[in-house]
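Here is start.pdb, consisting of PDB, N, CA and C atoms:
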ATOM      1  N   MET A   1      39.323   5.076   3.141
ATOM      2  CA  MET A   1      39.788   4.598   1.850
ATOM      3  C   MET A   1      39.596   3.082   1.740
ATOM      4  N   ALA A   2      39.752   2.344   2.846
ATOM      5  CA  ALA A   2      39.581   0.888   2.801
ATOM      6  C   ALA A   2      38.160   0.502   2.401
ATOM      7  N   ASN A   3      37.158   1.249   2.863
ATOM      8  CA  ASN A   3      35.768   0.952   2.505
ATOM      9  C   ASN A   3      35.522   1.137   1.022
ATOM     10  N   HIS A   4      36.186   2.107   0.412
ATOM     11  CA  HIS A   4      35.991   2.357  -1.011
ATOM     12  C   HIS A   4      36.411   1.140  -1.835
ATOM     13  N   SER A   5      37.548   0.554  -1.528
ATOM     14  CA  SER A   5      37.996  -0.598  -2.315
ATOM     15  C   SER A   5      37.074  -1.801  -2.109
ATOM     16  N   ARG A   6      36.530  -1.961  -0.913
ATOM     17  CA  ARG A   6      35.609  -3.062  -0.652
ATOM     18  C   ARG A   6      34.303  -2.857  -1.425
ATOM     19  N   LEU A   7      33.807  -1.627  -1.462
ATOM     20  CA  LEU A   7      32.581  -1.347  -2.211
ATOM     21  C   LEU A   7      32.789  -1.518  -3.705
ATOM     22  N   ALA A   8      33.944  -1.169  -4.188
ATOM     23  CA  ALA A   8      34.222  -1.297  -5.623
ATOM     24  C   ALA A   8      34.218  -2.749  -6.070
ATOM     25  N   SER A   9      34.503  -3.664  -5.162
ATOM     26  CA  SER A   9      34.542  -5.082  -5.529
ATOM     27  C   SER A   9      33.253  -5.831  -5.150
ATOM     28  N   THR A  10      32.244  -5.107  -4.658
ATOM     29  CA  THR A  10      30.985  -5.734  -4.275
ATOM     30  C   THR A  10      30.169  -6.068  -5.530
ATOM     31  N   PRO A  11      29.765  -7.343  -5.699
ATOM     32  CA  PRO A  11      28.954  -7.705  -6.868
ATOM     33  C   PRO A  11      27.585  -7.021  -6.803
ATOM     34  N   LEU A  12      27.116  -6.541  -7.935
ATOM     35  CA  LEU A  12      25.831  -5.862  -8.001
ATOM     36  C   LEU A  12      24.737  -6.817  -8.462
ATOM     37  N   SER A  13      23.513  -6.540  -8.009
ATOM     38  CA  SER A  13      22.349  -7.357  -8.347
ATOM     39  C   SER A  13      21.249  -6.474  -8.903
ATOM     40  N   VAL A  14      20.273  -7.105  -9.552
ATOM     41  CA  VAL A  14      19.079  -6.431 -10.062
ATOM     42  C   VAL A  14      17.867  -7.135  -9.464
ATOM     43  N   LEU A  15      16.890  -6.349  -9.034
ATOM     44  CA  LEU A  15      15.623  -6.890  -8.538
ATOM     45  C   LEU A  15      14.512  -6.441  -9.482
ATOM     46  N   ASP A  16      13.722  -7.386  -9.964
ATOM     47  CA  ASP A  16      12.632  -7.073 -10.887
ATOM     48  C   ASP A  16      11.331  -7.621 -10.317
ATOM     49  N   LEU A  17      10.231  -6.955 -10.634
ATOM     50  CA  LEU A  17       8.908  -7.399 -10.190
ATOM     51  C   LEU A  17       8.076  -8.027 -11.297
ATOM     52  N   ALA A  18       8.573  -8.073 -12.512
ATOM     53  CA  ALA A  18       7.826  -8.622 -13.653
ATOM     54  C   ALA A  18       6.464  -7.953 -13.781
ATOM     55  N   HIS A  19       6.496  -6.650 -13.951
ATOM     56  CA  HIS A  19       5.250  -5.890 -14.099
ATOM     57  C   HIS A  19       4.527  -6.267 -15.385
ATOM     58  N   VAL A  20       3.234  -6.454 -15.275
ATOM     59  CA  VAL A  20       2.395  -6.719 -16.437
ATOM     60  C   VAL A  20       1.894  -5.368 -16.949
ATOM     61  N   ARG A  21       2.207  -5.066 -18.193
ATOM     62  CA  ARG A  21       1.757  -3.797 -18.773
ATOM     63  C   ARG A  21       0.250  -3.820 -18.976
ATOM     64  N   GLN A  22      -0.334  -2.633 -19.052
ATOM     65  CA  GLN A  22      -1.772  -2.545 -19.313
ATOM     66  C   GLN A  22      -2.071  -3.263 -20.627
ATOM     67  N   ASP A  23      -3.048  -4.132 -20.606
ATOM     68  CA  ASP A  23      -3.430  -4.963 -21.750
ATOM     69  C   ASP A  23      -2.350  -5.970 -22.129
ATOM     70  N   GLY A  24      -1.389  -6.213 -21.237
ATOM     71  CA  GLY A  24      -0.337  -7.194 -21.488
ATOM     72  C   GLY A  24      -0.645  -8.500 -20.785
ATOM     73  N   THR A  25       0.269  -9.458 -20.934
ATOM     74  CA  THR A  25       0.099 -10.776 -20.317
ATOM     75  C   THR A  25       1.269 -11.077 -19.386
ATOM     76  N   ALA A  26       1.067 -12.071 -18.517
ATOM     77  CA  ALA A  26       2.147 -12.505 -17.632
ATOM     78  C   ALA A  26       3.306 -13.064 -18.457
ATOM     79  N   ALA A  27       2.992 -13.749 -19.543
ATOM     80  CA  ALA A  27       4.050 -14.300 -20.404
ATOM     81  C   ALA A  27       4.928 -13.179 -20.952
ATOM     82  N   GLU A  28       4.317 -12.084 -21.369
ATOM     83  CA  GLU A  28       5.095 -10.938 -21.857
ATOM     84  C   GLU A  28       5.943 -10.343 -20.746
ATOM     85  N   ALA A  29       5.389 -10.279 -19.537
ATOM     86  CA  ALA A  29       6.130  -9.737 -18.396
ATOM     87  C   ALA A  29       7.363 -10.586 -18.112
ATOM     88  N   PHE A  30       7.213 -11.915 -18.147
ATOM     89  CA  PHE A  30       8.364 -12.790 -17.906
ATOM     90  C   PHE A  30       9.367 -12.702 -19.047
ATOM     91  N   HIS A  31       8.897 -12.536 -20.271
ATOM     92  CA  HIS A  31       9.796 -12.347 -21.407
ATOM     93  C   HIS A  31      10.617 -11.065 -21.210
ATOM     94  N   ASN A  32       9.962  -9.996 -20.764
ATOM     95  CA  ASN A  32      10.665  -8.741 -20.505
ATOM     96  C   ASN A  32      11.669  -8.893 -19.371
ATOM     97  N   SER A  33      11.323  -9.672 -18.356
ATOM     98  CA  SER A  33      12.253  -9.922 -17.252
ATOM     99  C   SER A  33      13.479 -10.684 -17.737
ATOM    100  N   LEU A  34      13.272 -11.642 -18.618
ATOM    101  CA  LEU A  34      14.391 -12.394 -19.188
ATOM    102  C   LEU A  34      15.314 -11.456 -19.964
ATOM    103  N   ALA A  35      14.732 -10.579 -20.769
ATOM    104  CA  ALA A  35      15.538  -9.626 -21.538
ATOM    105  C   ALA A  35      16.319  -8.707 -20.602
ATOM    106  N   LEU A  36      15.688  -8.264 -19.518
ATOM    107  CA  LEU A  36      16.370  -7.418 -18.545
ATOM    108  C   LEU A  36      17.522  -8.176 -17.883
ATOM    109  N   ALA A  37      17.290  -9.433 -17.523
ATOM    110  CA  ALA A  37      18.338 -10.246 -16.897
ATOM    111  C   ALA A  37      19.526 -10.422 -17.836
ATOM    112  N   GLN A  38      19.258 -10.672 -19.090
ATOM    113  CA  GLN A  38      20.348 -10.849 -20.060
ATOM    114  C   GLN A  38      21.115  -9.546 -20.254
ATOM    115  N   HIS A  39      20.406  -8.431 -20.274
ATOM    116  CA  HIS A  39      21.074  -7.137 -20.418
ATOM    117  C   HIS A  39      21.912  -6.830 -19.172
ATOM    118  N   ALA A  40      21.351  -7.088 -17.994
ATOM    119  CA  ALA A  40      22.083  -6.857 -16.749
ATOM    120  C   ALA A  40      23.352  -7.705 -16.708
ATOM    121  N   GLU A  41      23.248  -8.947 -17.145
ATOM    122  CA  GLU A  41      24.421  -9.825 -17.183
ATOM    123  C   GLU A  41      25.492  -9.251 -18.114
ATOM    124  N   SER A  42      25.075  -8.711 -19.246
ATOM    125  CA  SER A  42      26.045  -8.142 -20.186
ATOM    126  C   SER A  42      26.732  -6.911 -19.612
ATOM    127  N   LEU A  43      26.092  -6.262 -18.636
ATOM    128  CA  LEU A  43      26.681  -5.083 -17.992
ATOM    129  C   LEU A  43      27.536  -5.436 -16.782
ATOM    130  N   GLY A  44      27.585  -6.723 -16.451
ATOM    131  CA  GLY A  44      28.437  -7.167 -15.355
ATOM    132  C   GLY A  44      27.736  -7.425 -14.040
ATOM    133  N   TYR A  45      26.399  -7.340 -14.018
ATOM    134  CA  TYR A  45      25.677  -7.677 -12.792
ATOM    135  C   TYR A  45      25.802  -9.179 -12.545
ATOM    136  N   LYS A  46      25.897  -9.555 -11.282
ATOM    137  CA  LYS A  46      26.161 -10.956 -10.940
ATOM    138  C   LYS A  46      24.918 -11.749 -10.567
ATOM    139  N   ARG A  47      23.869 -11.071 -10.097
ATOM    140  CA  ARG A  47      22.654 -11.779  -9.691
ATOM    141  C   ARG A  47      21.436 -11.036 -10.216
ATOM    142  N   PHE A  48      20.403 -11.800 -10.517
ATOM    143  CA  PHE A  48      19.126 -11.227 -10.940
ATOM    144  C   PHE A  48      18.052 -11.854 -10.071
ATOM    145  N   TRP A  49      17.340 -11.027  -9.354
ATOM    146  CA  TRP A  49      16.299 -11.499  -8.450
ATOM    147  C   TRP A  49      14.936 -11.160  -9.043
ATOM    148  N   LEU A  50      14.054 -12.121  -9.050
ATOM    149  CA  LEU A  50      12.683 -11.908  -9.484
ATOM    150  C   LEU A  50      11.793 -12.038  -8.259
ATOM    151  N   ALA A  51      11.263 -10.903  -7.816
ATOM    152  CA  ALA A  51      10.429 -10.900  -6.615
ATOM    153  C   ALA A  51       9.153 -11.693  -6.878
ATOM    154  N   GLU A  52       8.706 -12.396  -5.879
ATOM    155  CA  GLU A  52       7.498 -13.217  -6.013
ATOM    156  C   GLU A  52       6.389 -12.610  -5.161
ATOM    157  N   HIS A  53       5.372 -12.113  -5.817
ATOM    158  CA  HIS A  53       4.228 -11.526  -5.132
ATOM    159  C   HIS A  53       2.968 -12.102  -5.749
ATOM    160  N   HIS A  54       2.200 -12.796  -4.952
ATOM    161  CA  HIS A  54       0.965 -13.406  -5.437
ATOM    162  C   HIS A  54      -0.210 -12.474  -5.175
ATOM    163  N   ASN A  55      -1.186 -12.528  -6.046
ATOM    164  CA  ASN A  55      -2.447 -11.794  -5.896
ATOM    165  C   ASN A  55      -2.264 -10.280  -5.864
ATOM    166  N   ILE A  56      -1.277  -9.769  -6.592
ATOM    167  CA  ILE A  56      -1.117  -8.323  -6.735
ATOM    168  C   ILE A  56      -1.346  -8.001  -8.201
ATOM    169  N   GLN A  57      -2.379  -7.243  -8.472
ATOM    170  CA  GLN A  57      -2.710  -6.895  -9.848
ATOM    171  C   GLN A  57      -1.543  -6.132 -10.468
ATOM    172  N   GLY A  58      -1.144  -6.527 -11.650
ATOM    173  CA  GLY A  58      -0.075  -5.850 -12.365
ATOM    174  C   GLY A  58       1.298  -6.457 -12.166
ATOM    175  N   VAL A  59       1.401  -7.507 -11.336
ATOM    176  CA  VAL A  59       2.666  -8.195 -11.126
ATOM    177  C   VAL A  59       2.467  -9.669 -11.477
ATOM    178  N   ALA A  60       3.290 -10.162 -12.390
ATOM    179  CA  ALA A  60       3.192 -11.570 -12.793
ATOM    180  C   ALA A  60       3.718 -12.463 -11.674
ATOM    181  N   ALA A  61       3.149 -13.634 -11.521
ATOM    182  CA  ALA A  61       3.588 -14.603 -10.519
ATOM    183  C   ALA A  61       3.501 -15.991 -11.109
ATOM    184  N   LEU A  62       4.467 -16.811 -10.760
ATOM    185  CA  LEU A  62       4.438 -18.207 -11.192
ATOM    186  C   LEU A  62       3.423 -18.956 -10.360
ATOM    187  N   ARG A  63       2.689 -19.822 -10.976
ATOM    188  CA  ARG A  63       1.724 -20.648 -10.260
ATOM    189  C   ARG A  63       2.182 -22.085 -10.358
ATOM    190  N   LEU A  64       2.722 -22.556  -9.260
ATOM    191  CA  LEU A  64       3.246 -23.915  -9.234
ATOM    192  C   LEU A  64       2.195 -24.864  -8.676
ATOM    193  N   PRO A  65       2.145 -26.077  -9.180
ATOM    194  CA  PRO A  65       1.188 -27.053  -8.643
ATOM    195  C   PRO A  65       1.537 -27.409  -7.209
ATOM    196  N   CYS A  66       0.526 -27.674  -6.404
ATOM    197  CA  CYS A  66       0.746 -28.039  -4.982
ATOM    198  C   CYS A  66       1.040 -29.501  -4.851
TER     199      CYS A  66
END

For the file at hand, write its structure as C-alpha coordinates.
Amino acid sequence: MANHSRLASTPLSVLDLAHVRQDGTAAEAFHNSLALAQHAESLGYKRFWLAEHHNIQGVAALRLPC
(Lines of atoms letter the chains of each structure in order from A and count residues from 1; the text may use other names and numbers.)
(Lines give C-alpha, C1' and ligand atoms only; values in the text may rest on other atoms or scores of the structure.)
Protein backbone atom coordinates (compact mmCIF):
# COMPACT_ATOMS: atom_id res chain seq x y z
CA MET A 1 0.00 0.00 0.00
CA ALA A 2 2.91 2.40 0.71
CA ASN A 3 4.15 2.07 -2.90
CA HIS A 4 0.73 3.02 -4.24
CA SER A 5 0.73 6.39 -2.48
CA ARG A 6 4.28 7.12 -3.67
CA LEU A 7 3.35 6.29 -7.28
CA ALA A 8 0.24 8.44 -7.09
CA SER A 9 2.37 11.46 -6.22
CA THR A 10 5.03 10.83 -8.89
CA PRO A 11 5.11 13.69 -11.45
CA LEU A 12 4.45 12.50 -15.00
CA SER A 13 6.43 13.49 -18.10
CA VAL A 14 5.94 13.37 -21.87
CA LEU A 15 8.65 12.43 -24.38
CA ASP A 16 8.24 13.60 -27.98
CA LEU A 17 10.38 13.01 -31.07
CA ALA A 18 9.03 15.89 -33.20
CA HIS A 19 8.14 13.66 -36.12
CA VAL A 20 8.06 15.35 -39.50
CA ARG A 21 4.95 14.30 -41.39
CA GLN A 22 5.21 13.19 -45.00
CA ASP A 23 5.51 16.36 -47.10
CA GLY A 24 5.79 18.36 -43.85
CA THR A 25 8.53 20.60 -42.49
CA ALA A 26 10.65 20.66 -39.35
CA ALA A 27 8.96 23.95 -38.41
CA GLU A 28 5.57 22.23 -38.50
CA ALA A 29 6.95 19.36 -36.40
CA PHE A 30 8.19 21.79 -33.74
CA HIS A 31 4.87 23.65 -33.83
CA ASN A 32 3.09 20.33 -33.21
CA SER A 33 5.48 19.56 -30.35
CA LEU A 34 4.69 22.93 -28.78
CA ALA A 35 0.96 22.22 -29.03
CA LEU A 36 1.50 18.80 -27.44
CA ALA A 37 3.55 20.34 -24.61
CA GLN A 38 0.85 22.91 -23.90
CA HIS A 39 -1.84 20.22 -23.90
CA ALA A 40 0.23 17.97 -21.62
CA GLU A 41 0.73 20.89 -19.23
CA SER A 42 -3.03 21.48 -19.13
CA LEU A 43 -3.48 17.82 -18.15
CA GLY A 44 -1.07 18.16 -15.24
CA TYR A 45 2.13 16.74 -16.71
CA LYS A 46 5.17 18.35 -15.09
CA ARG A 47 7.91 17.86 -17.70
CA PHE A 48 8.07 17.74 -21.48
CA TRP A 49 11.12 16.16 -23.07
CA LEU A 50 12.03 16.67 -26.71
CA ALA A 51 14.38 13.91 -27.81
CA GLU A 52 17.29 15.07 -29.93
CA HIS A 53 18.22 12.82 -32.82
CA HIS A 54 20.36 14.12 -35.64
CA ASN A 55 20.43 12.69 -39.17
CA ILE A 56 17.30 10.55 -38.77
CA GLN A 57 14.87 11.04 -41.62
CA GLY A 58 11.44 11.98 -40.32
CA VAL A 59 12.61 13.46 -37.01
CA ALA A 60 13.17 17.21 -36.68
CA ALA A 61 16.40 18.36 -35.02
CA LEU A 62 17.67 21.75 -33.98
CA ARG A 63 20.81 22.84 -35.75
CA LEU A 64 22.84 25.04 -33.50
CA PRO A 65 25.88 26.97 -34.71
CA CYS A 66 29.25 25.57 -33.57

Name the residues in contact with range 55-59 of chain A at a cut-off of 12 Å, using only C-alpha atoms, excluding same-chain residues fewer than 5 positions from it; report them as a ChimeraX atom specification. /A:16-30,33,50

Exercise. Please run DSSP on the backbone and report, as a PyMOL selection string, all residues within chain A that come out as strand (DSSP E or B).
Key: chain A and resi 13-16+19+47-50+59

Residue nearest Phe48 in chain A among A:Ala60, A:Asn32, A:Ser9, A:Val14 (counting only C-alpha atoms):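 Answer, going by the shortest atom-to-atom distance: A:Val14.
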
message = From the options A:Arg47, A:Ala35, A:Ala61, A:Ala40, which residue's atoms come nearest to Ser13 in chain A, counting all atoms listed in the file?
response =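 Among the listed residues, the smallest separation from Ser13 in chain A belongs to A:Arg47.
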
Atom N of Gly44 in chain A sits from atom C of Leu15 in chain A at a separation of 14.8 Å
